[in-house]
$ cat upload23.cif   # mmCIF, C-alpha atoms, pLDDT in the B column; chains and numbers go by the auth columns
data_model
loop_
_atom_site.group_PDB
_atom_site.id
_atom_site.type_symbol
_atom_site.label_atom_id
_atom_site.label_comp_id
_atom_site.label_asym_id
_atom_site.label_seq_id
_atom_site.Cartn_x
_atom_site.Cartn_y
_atom_site.Cartn_z
_atom_site.B_iso_or_equiv
_atom_site.auth_seq_id
_atom_site.auth_asym_id
ATOM 1 C CA ASN A 1 -27.462 196.054 30.533 96.00 211 V
ATOM 2 C CA VAL A 2 -23.979 197.445 31.174 97.00 212 V
ATOM 3 C CA VAL A 3 -21.462 194.926 32.488 97.00 213 V
ATOM 4 C CA VAL A 4 -18.428 196.283 34.318 97.00 214 V
ATOM 5 C CA PHE A 5 -15.435 194.007 34.012 96.00 215 V
ATOM 6 C CA VAL A 6 -13.959 194.602 37.448 94.00 216 V
ATOM 7 C CA HIS A 7 -10.200 194.871 37.764 90.00 217 V
ATOM 8 C CA ASP A 8 -8.404 193.132 40.618 87.00 218 V
ATOM 9 C CA PHE A 9 -7.961 195.682 43.388 82.00 219 V
ATOM 10 C CA VAL A 10 -4.464 194.338 44.108 78.00 220 V
ATOM 11 C CA ASP A 11 -3.443 194.812 40.467 73.00 221 V
ATOM 12 C CA THR A 12 -1.792 197.941 39.006 71.00 222 V
ATOM 13 C CA PRO A 13 -4.380 200.725 38.653 67.00 223 V
ATOM 14 C CA HIS A 14 -1.821 203.130 37.208 70.00 224 V
ATOM 15 C CA ALA A 15 -0.186 200.725 34.753 70.00 225 V
ATOM 16 C CA TYR A 16 -0.611 203.243 31.926 70.00 226 V
ATOM 17 C CA GLY A 17 -0.846 206.352 34.093 67.00 227 V
ATOM 18 C CA ARG A 18 -3.614 208.848 34.790 66.00 228 V
ATOM 19 C CA LEU A 19 -6.358 206.551 36.097 72.00 229 V
ATOM 20 C CA ARG A 20 -9.285 208.823 36.937 75.00 230 V
ATOM 21 C CA TYR A 21 -9.198 207.761 40.582 80.00 231 V
ATOM 22 C CA PRO A 22 -6.426 206.746 43.013 81.00 232 V
ATOM 23 C CA ASP A 23 -7.372 203.046 42.983 86.00 233 V
ATOM 24 C CA PHE A 24 -9.804 200.557 41.456 87.00 234 V
ATOM 25 C CA TYR A 25 -12.179 200.784 44.422 90.00 235 V
ATOM 26 C CA GLU A 26 -12.811 204.495 43.835 91.00 236 V
ATOM 27 C CA TRP A 27 -12.869 203.881 40.088 92.00 237 V
ATOM 28 C CA LEU A 28 -15.573 201.239 40.458 94.00 238 V
ATOM 29 C CA LYS A 29 -17.725 203.489 42.637 94.00 239 V
ATOM 30 C CA TYR A 30 -17.466 206.214 39.982 94.00 240 V
ATOM 31 C CA VAL A 31 -18.416 203.807 37.187 96.00 241 V
ATOM 32 C CA CYS A 32 -21.384 202.383 39.102 97.00 242 V
ATOM 33 C CA ASN A 33 -22.620 205.885 39.905 96.00 243 V
ATOM 34 C CA GLN A 34 -22.387 206.921 36.262 97.00 244 V
ATOM 35 C CA ILE A 35 -24.194 203.819 34.985 97.00 245 V
ATOM 36 C CA ILE A 36 -27.029 204.353 37.456 97.00 246 V
ATOM 37 C CA LYS A 37 -27.174 208.022 36.494 97.00 247 V
ATOM 38 C CA ALA A 38 -27.642 206.967 32.866 97.00 248 V
ATOM 39 C CA ASP A 39 -30.613 204.779 33.888 96.00 249 V
ATOM 40 C CA CYS A 40 -28.853 201.581 32.828 97.00 250 V
ATOM 41 C CA ASN A 41 -28.698 198.250 34.605 96.00 251 V
ATOM 42 C CA CYS A 42 -25.304 197.874 36.288 97.00 252 V
ATOM 43 C CA LEU A 43 -23.803 194.370 36.501 97.00 253 V
ATOM 44 C CA LEU A 44 -20.377 193.598 37.958 97.00 254 V
ATOM 45 C CA LYS A 45 -18.212 190.743 36.705 96.00 255 V
ATOM 46 C CA SER A 46 -14.921 189.937 38.424 94.00 256 V
ATOM 47 C CA HIS A 47 -12.102 187.639 37.330 90.00 257 V
ATOM 48 C CA ILE A 48 -12.761 183.967 37.988 89.00 258 V
ATOM 49 C CA ASP A 49 -9.644 183.925 40.199 87.00 259 V
ATOM 50 C CA ALA A 50 -10.256 187.297 41.875 88.00 260 V
ATOM 51 C CA PRO A 51 -8.661 187.565 45.359 88.00 261 V
ATOM 52 C CA ALA A 52 -10.737 187.900 48.516 91.00 262 V
ATOM 53 C CA LEU A 53 -9.998 191.633 48.760 89.00 263 V
ATOM 54 C CA THR A 54 -11.617 192.241 45.371 90.00 264 V
ATOM 55 C CA ILE A 55 -14.627 190.009 46.084 93.00 265 V
ATOM 56 C CA ASN A 56 -15.251 191.616 49.476 93.00 266 V
ATOM 57 C CA SER A 57 -14.922 195.116 48.047 92.00 267 V
ATOM 58 C CA ILE A 58 -17.375 194.372 45.238 94.00 268 V
ATOM 59 C CA GLU A 59 -19.904 193.060 47.751 94.00 269 V
ATOM 60 C CA GLU A 60 -19.419 196.230 49.795 94.00 270 V
ATOM 61 C CA ILE A 61 -20.100 198.389 46.729 94.00 271 V
ATOM 62 C CA GLU A 62 -23.216 196.344 45.952 94.00 272 V
ATOM 63 C CA LYS A 63 -24.529 197.198 49.429 94.00 273 V
ATOM 64 C CA ILE A 64 -23.747 200.901 48.936 92.00 274 V
ATOM 65 C CA TYR A 65 -25.919 201.090 45.820 92.00 275 V
ATOM 66 C CA GLY A 66 -28.590 198.657 46.964 85.00 276 V
ATOM 67 C CA GLY A 67 -30.570 197.019 44.178 89.00 277 V
ATOM 68 C CA ASP A 68 -29.125 199.349 41.518 95.00 278 V
ATOM 69 C CA VAL A 69 -25.970 197.254 41.276 96.00 279 V
ATOM 70 C CA LYS A 70 -25.896 193.488 40.892 96.00 280 V
ATOM 71 C CA ILE A 71 -22.995 191.056 40.987 96.00 281 V
ATOM 72 C CA LEU A 72 -22.649 188.336 38.390 96.00 282 V
ATOM 73 C CA SER A 73 -21.105 185.085 39.532 94.00 283 V
ATOM 74 C CA ARG A 74 -17.415 185.076 38.737 91.00 284 V
ATOM 75 C CA TYR A 75 -18.051 181.659 37.175 93.00 285 V
ATOM 76 C CA THR A 76 -20.536 183.088 34.657 94.00 286 V
ATOM 77 C CA GLU A 77 -19.668 181.680 31.241 92.00 287 V
ATOM 78 C CA ILE A 78 -18.909 183.932 28.306 91.00 288 V
ATOM 79 C CA LYS A 79 -21.908 182.693 26.304 92.00 289 V
ATOM 80 C CA GLU A 80 -24.211 183.837 29.101 95.00 290 V
ATOM 81 C CA ILE A 81 -22.476 187.211 29.307 95.00 291 V
ATOM 82 C CA LEU A 82 -22.958 187.673 25.563 95.00 292 V
ATOM 83 C CA GLU A 83 -26.678 186.969 25.911 95.00 293 V
ATOM 84 C CA ILE A 84 -27.306 189.568 28.616 96.00 294 V
ATOM 85 C CA THR A 85 -24.815 192.315 27.737 97.00 295 V
ATOM 86 C CA ASP A 86 -25.383 195.430 25.643 97.00 296 V
ATOM 87 C CA LEU A 87 -22.154 197.181 26.594 97.00 297 V
ATOM 88 C CA VAL A 88 -18.990 196.515 28.617 98.00 298 V
ATOM 89 C CA VAL A 89 -17.110 199.101 30.678 97.00 299 V
ATOM 90 C CA THR A 90 -13.480 198.703 31.735 95.00 300 V
ATOM 91 C CA ALA A 91 -10.597 201.000 32.623 92.00 301 V
ATOM 92 C CA TYR A 92 -8.127 199.405 30.206 90.00 302 V
ATOM 93 C CA GLY A 93 -8.715 195.646 30.417 90.00 303 V
ATOM 94 C CA THR A 94 -8.051 193.069 27.723 90.00 304 V
ATOM 95 C CA CYS A 95 -11.809 192.614 27.371 93.00 305 V
ATOM 96 C CA GLY A 96 -11.381 195.701 25.174 93.00 306 V
ATOM 97 C CA THR A 97 -10.277 193.315 22.423 93.00 307 V
ATOM 98 C CA GLU A 98 -12.145 190.169 23.410 93.00 308 V
ATOM 99 C CA MET A 99 -15.689 191.508 23.678 96.00 309 V
ATOM 100 C CA PRO A 100 -15.776 193.668 20.505 96.00 310 V
ATOM 101 C CA TYR A 101 -14.485 190.676 18.559 95.00 311 V
ATOM 102 C CA LEU A 102 -17.630 188.864 19.695 95.00 312 V
ATOM 103 C CA GLY A 103 -19.850 191.819 18.831 96.00 313 V
ATOM 104 C CA ILE A 104 -20.162 193.515 22.236 97.00 314 V
ATOM 105 C CA PRO A 105 -19.048 197.192 22.316 97.00 315 V
ATOM 106 C CA VAL A 106 -16.639 198.381 25.002 97.00 316 V
ATOM 107 C CA ILE A 107 -16.015 201.736 26.651 97.00 317 V
ATOM 108 C CA CYS A 108 -12.580 202.228 28.220 94.00 318 V
ATOM 109 C CA THR A 109 -12.661 204.955 30.853 92.00 319 V
ATOM 110 C CA ASP A 110 -8.910 205.463 30.954 89.00 320 V
ATOM 111 C CA ILE A 111 -5.672 205.297 28.959 83.00 321 V
ATOM 112 C CA ASN A 112 -5.322 201.939 27.248 87.00 322 V
ATOM 113 C CA LYS A 113 -3.261 200.121 24.637 86.00 323 V
ATOM 114 C CA PHE A 114 -5.939 200.242 21.951 87.00 324 V
ATOM 115 C CA SER A 115 -7.156 203.843 22.131 86.00 325 V
ATOM 116 C CA SER A 116 -5.892 204.584 18.609 86.00 326 V
ATOM 117 C CA TYR A 117 -8.225 201.951 17.182 90.00 327 V
ATOM 118 C CA ASN A 118 -11.950 202.180 16.548 92.00 328 V
ATOM 119 C CA PHE A 119 -12.986 198.896 18.179 95.00 329 V
ATOM 120 C CA VAL A 120 -13.280 200.561 21.608 95.00 330 V
ATOM 121 C CA TYR A 121 -14.522 203.960 22.710 96.00 331 V
ATOM 122 C CA THR A 122 -12.050 205.672 25.036 93.00 332 V
ATOM 123 C CA LEU A 123 -13.538 208.257 27.341 93.00 333 V
ATOM 124 C CA LYS A 124 -11.968 211.670 26.766 90.00 334 V
ATOM 125 C CA LYS A 125 -10.506 213.717 29.592 84.00 335 V
ATOM 126 C CA ASN A 126 -13.480 216.019 30.160 87.00 336 V
ATOM 127 C CA GLU A 127 -16.249 213.572 29.234 93.00 337 V
ATOM 128 C CA GLU A 128 -18.677 212.149 31.758 94.00 338 V
ATOM 129 C CA LEU A 129 -19.389 208.459 31.393 96.00 339 V
ATOM 130 C CA HIS A 130 -23.149 208.779 31.937 97.00 340 V
ATOM 131 C CA LYS A 131 -23.463 211.138 28.959 97.00 341 V
ATOM 132 C CA ILE A 132 -21.552 208.805 26.654 97.00 342 V
ATOM 133 C CA LEU A 133 -23.649 205.844 27.805 97.00 343 V
ATOM 134 C CA LYS A 134 -26.712 207.657 26.501 96.00 344 V
ATOM 135 C CA ASP A 135 -25.017 208.410 23.174 96.00 345 V
ATOM 136 C CA ARG A 136 -25.263 205.004 21.543 94.00 346 V
ATOM 137 C CA ASP A 137 -23.820 206.261 18.257 95.00 347 V
ATOM 138 C CA ALA A 138 -20.557 207.045 20.049 95.00 348 V
ATOM 139 C CA TRP A 139 -19.765 203.462 21.041 96.00 349 V
ATOM 140 C CA LYS A 140 -21.845 201.066 18.942 95.00 350 V
ATOM 141 C CA LEU A 141 -20.088 198.694 16.559 96.00 351 V
ATOM 142 C CA ASN A 142 -21.184 199.416 13.011 93.00 352 V
ATOM 143 C CA ASN A 143 -19.233 196.773 11.120 95.00 353 V
ATOM 144 C CA LEU A 144 -18.280 193.574 12.931 95.00 354 V
ATOM 145 C CA LYS A 145 -15.997 192.308 10.159 94.00 355 V
ATOM 146 C CA LYS A 146 -14.009 195.549 10.127 93.00 356 V
ATOM 147 C CA THR A 147 -13.894 195.503 13.934 94.00 357 V
ATOM 148 C CA GLN A 148 -12.475 191.975 13.907 94.00 358 V
ATOM 149 C CA GLU A 149 -9.864 192.922 11.307 91.00 359 V
ATOM 150 C CA GLU A 150 -8.718 195.839 13.465 91.00 360 V
ATOM 151 C CA ILE A 151 -8.471 193.616 16.523 91.00 361 V
ATOM 152 C CA GLU A 152 -6.481 191.021 14.592 88.00 362 V
ATOM 153 C CA GLN A 153 -4.079 193.759 13.542 86.00 363 V
ATOM 154 C CA TYR A 154 -3.709 194.943 17.132 85.00 364 V
ATOM 155 C CA VAL A 155 -3.129 191.404 18.434 83.00 365 V
ATOM 156 C CA PHE A 156 -0.495 190.816 15.759 77.00 366 V
ATOM 157 C CA LEU A 157 1.371 193.988 16.681 75.00 367 V
ATOM 158 C CA GLU A 158 1.092 193.443 20.419 75.00 368 V
ATOM 159 C CA HIS A 159 1.830 189.744 20.710 68.00 369 V
ATOM 160 C CA LYS A 160 3.667 188.710 17.551 64.00 370 V
ATOM 161 C CA TYR A 161 5.546 191.720 16.283 59.00 371 V
ATOM 162 C CA LEU A 162 6.638 193.782 19.279 56.00 372 V
ATOM 163 C CA GLN A 163 7.073 190.851 21.665 56.00 373 V
ATOM 164 C CA ASN A 164 9.256 188.893 19.264 56.00 374 V
ATOM 165 C CA TYR A 165 11.492 185.940 19.997 54.00 375 V
ATOM 166 C CA LEU A 166 14.419 188.161 21.078 55.00 376 V
ATOM 167 C CA PHE A 167 12.564 189.377 24.169 58.00 377 V
ATOM 168 C CA GLU A 168 11.520 185.858 25.117 61.00 378 V
ATOM 169 C CA LYS A 169 15.014 184.512 24.564 58.00 379 V
ATOM 170 C CA ALA A 170 16.573 187.291 26.657 60.00 380 V
ATOM 171 C CA TYR A 171 14.170 186.462 29.506 57.00 381 V
ATOM 172 C CA ILE A 172 15.186 182.796 29.429 60.00 382 V
ATOM 173 C CA GLU A 173 18.900 183.571 29.214 59.00 383 V
ATOM 174 C CA TYR A 174 18.690 186.031 32.120 59.00 384 V
ATOM 175 C CA PHE A 175 17.292 183.453 34.515 58.00 385 V
ATOM 176 C CA ALA A 176 19.751 180.872 33.269 59.00 386 V
ATOM 177 C CA SER A 177 22.621 183.287 34.079 61.00 387 V
ATOM 178 C CA ASN A 178 23.874 182.637 30.576 64.00 388 V
ATOM 179 C CA PRO A 179 26.718 184.829 29.210 67.00 389 V
ATOM 180 C CA ASN A 180 24.671 185.204 26.015 67.00 390 V
ATOM 181 C CA TYR A 181 22.292 187.500 27.888 60.00 391 V
ATOM 182 C CA SER A 182 24.379 190.648 27.229 66.00 392 V
ATOM 183 C CA LYS A 183 24.692 189.753 23.569 68.00 393 V
ATOM 184 C CA ILE A 184 20.928 189.340 23.244 63.00 394 V
ATOM 185 C CA THR A 185 20.154 192.603 25.065 65.00 395 V
ATOM 186 C CA ARG A 186 22.431 194.437 22.604 69.00 396 V
ATOM 187 C CA LYS A 187 20.375 192.953 19.771 69.00 397 V
ATOM 188 C CA ILE A 188 17.202 194.146 21.479 63.00 398 V
ATOM 189 C CA ASP A 189 18.602 197.660 21.873 65.00 399 V
ATOM 190 C CA LYS A 190 19.517 197.702 18.186 71.00 400 V
ATOM 191 C CA TYR A 191 16.061 196.399 17.258 63.00 401 V
ATOM 192 C CA VAL A 192 14.231 199.009 19.370 61.00 402 V
ATOM 193 C CA ASN A 193 16.393 201.902 18.149 64.00 403 V
ATOM 194 C CA LYS A 194 15.842 200.881 14.534 63.00 404 V
ATOM 195 C CA MET A 195 12.129 200.521 15.165 55.00 405 V
ATOM 196 C CA LEU A 196 11.929 204.032 16.609 53.00 406 V
ATOM 197 C CA SER A 197 13.794 205.516 13.654 55.00 407 V
ATOM 198 C CA TYR A 198 10.937 204.804 11.229 50.00 408 V
ATOM 199 C CA PRO A 199 7.329 206.021 11.061 48.00 409 V
ATOM 200 C CA TYR A 200 5.421 203.371 12.980 46.00 410 V
ATOM 201 C CA LYS A 201 2.708 202.599 10.429 44.00 411 V
ATOM 202 C CA ASP A 202 5.026 202.614 7.425 46.00 412 V
ATOM 203 C CA MET A 203 7.346 200.234 9.220 45.00 413 V
ATOM 204 C CA ILE A 204 4.610 197.663 9.771 46.00 414 V
ATOM 205 C CA LEU A 205 2.476 197.878 6.644 44.00 415 V
ATOM 206 C CA ASN A 206 3.104 198.133 2.960 42.00 416 V
ATOM 207 C CA ARG A 207 1.010 200.407 0.764 39.00 417 V
ATOM 208 C CA ARG A 208 -1.749 197.821 0.402 41.00 418 V
ATOM 209 C CA GLY A 209 -2.140 197.578 4.164 43.00 419 V
ATOM 210 C CA ILE A 210 -0.666 194.082 4.329 42.00 420 V
ATOM 211 C CA PHE A 211 1.748 193.085 7.082 43.00 421 V
ATOM 212 C CA ILE A 212 5.362 192.902 5.985 42.00 422 V
ATOM 213 C CA LYS A 213 8.337 191.305 7.701 42.00 423 V
ATOM 214 C CA TYR A 214 10.605 193.791 9.431 39.00 424 V
#
$ encode --input "upload23.cif" --output "structure tokens"
Amino acid sequence: NVVVFVHDFVDTPHAYGRLRYPDFYEWLKYVCNQIIKADCNCLLKSHIDAPALTINSIEEIEKIYGGDVKILSRYTEIKEILEITDLVVTAYGTCGTEMPYLGIPVICTDINKFSSYNFVYTLKKNEELHKILKDRDAWKLNNLKKTQEEIEQYVFLEHKYLQNYLFEKAYIEYFASNPNYSKITRKIDKYVNKMLSYPYKDMILNRRGIFIKY
């Protein structure tokens, strides 16, 4: 079973650039077609708070492909998804960290934040999804503990290191029209410029691979 974590159609399909199709509707049709072509069961799971446009579009796609595509209830609990899922497909969704951490492999079809890690498989420019679906060795998770360690590293960098207190404080000061806003933005500029002046990995890790304070 391949579960497609459907993006909201009113969201930003080109958030990271170069989505394979002009919008998420065309993207989803491509993904469904490829899953069917690989002789896999295609299940669609939308956000629990998906807007009507997304829900209606998913139902339309289900009709296009008949019984080859099935829609999971948007209220389906994660434990049920884990029981029925062999693989998840997304363009660049955050399920790319959540599902592998729980032992479910993920294929990202497009540019994403975690493509430099091994916990997801990112489809290459000239690759066809249906061929990769058949190549289990390409996307299976071989070592869950190592996968979880990689994801923890990514989450640390994304949510604790790069988005540090300066950015949050600047956001608050901006909306408060506080004169300290300019002072804080200068600190952020200095922080970013210093960050860019060092090799990324060496800046974050010491030689033993342990996180160090910048």
$ resolve_selection --input "upload23.cif" --expression "the PyMOL selection byres ((chain V and resi 241-252) around 6)" --output "list of chain:residue names"
V:Asn211, V:Val212, V:Leu238, V:Lys239, V:Tyr240, V:Leu253, V:Val279, V:Leu339, V:His340
$ residues_around --input "upload23.cif" --residues "His257 in chain V" --least-positions-apart "3" --cutoff "8 Å" --atoms "all atoms listed in the file" --output "list in words"
Phe215, Val216, His217, Asp218, Ala260 and Arg284 of chain V
$ atom_distance --input "upload23.cif" --atom1 "CA of Ser256 in chain V" --atom2 "CA of Leu229 in chain V"
18.8 Å
$ closest_residue --input "upload23.cif" --among "V:Gly306, V:Val213, V:Lys355, V:Glu362" --to "Leu282 in chain V" --atoms "all atoms listed in the file"
V:Val213
$ closest_residue --input "upload23.cif" --among "V:Asp347, V:Tyr235, V:Phe324, V:Lys334" --to "Val365 in chain V" --atoms "only C-alpha atoms"
V:Phe324
$ atom_distance --input "upload23.cif" --atom1 "CA of Val316 in chain V" --atom2 "CA of Ile361 in chain V"
12.7 Å
$ resolve_selection --input "upload23.cif" --expression "the PyMOL selection byres ((chain V and resi 349) around 10)" --output "number ranges by chain"
V: 297, 315-317, 328-332, 342-348, 350-352
$ atom_distance --input "upload23.cif" --atom1 "CA of Tyr364 in chain V" --atom2 "CA of Thr222 in chain V"
22.2 Å
$ axis_aligned_box --input "upload23.cif" --around "range 305-310 of chain V" --padding-each-side "3 Å" --output "AutoDock Vina command-line options"
--center_x -13.0 --center_y 192.9 --center_z 23.9 --size_x 11.5 --size_y 11.5 --size_z 12.9
$ closest_residue --input "upload23.cif" --among "V:Ala301, V:Val214, V:Ile258, V:Leu292" --to "Asp233 in chain V" --atoms "all atoms listed in the file"
V:Ala301
$ closest_residue --input "upload23.cif" --among "V:Val299, V:Glu293, V:Thr319, V:Ala225" --to "Lys255 in chain V" --atoms "only C-alpha atoms"
V:Val299
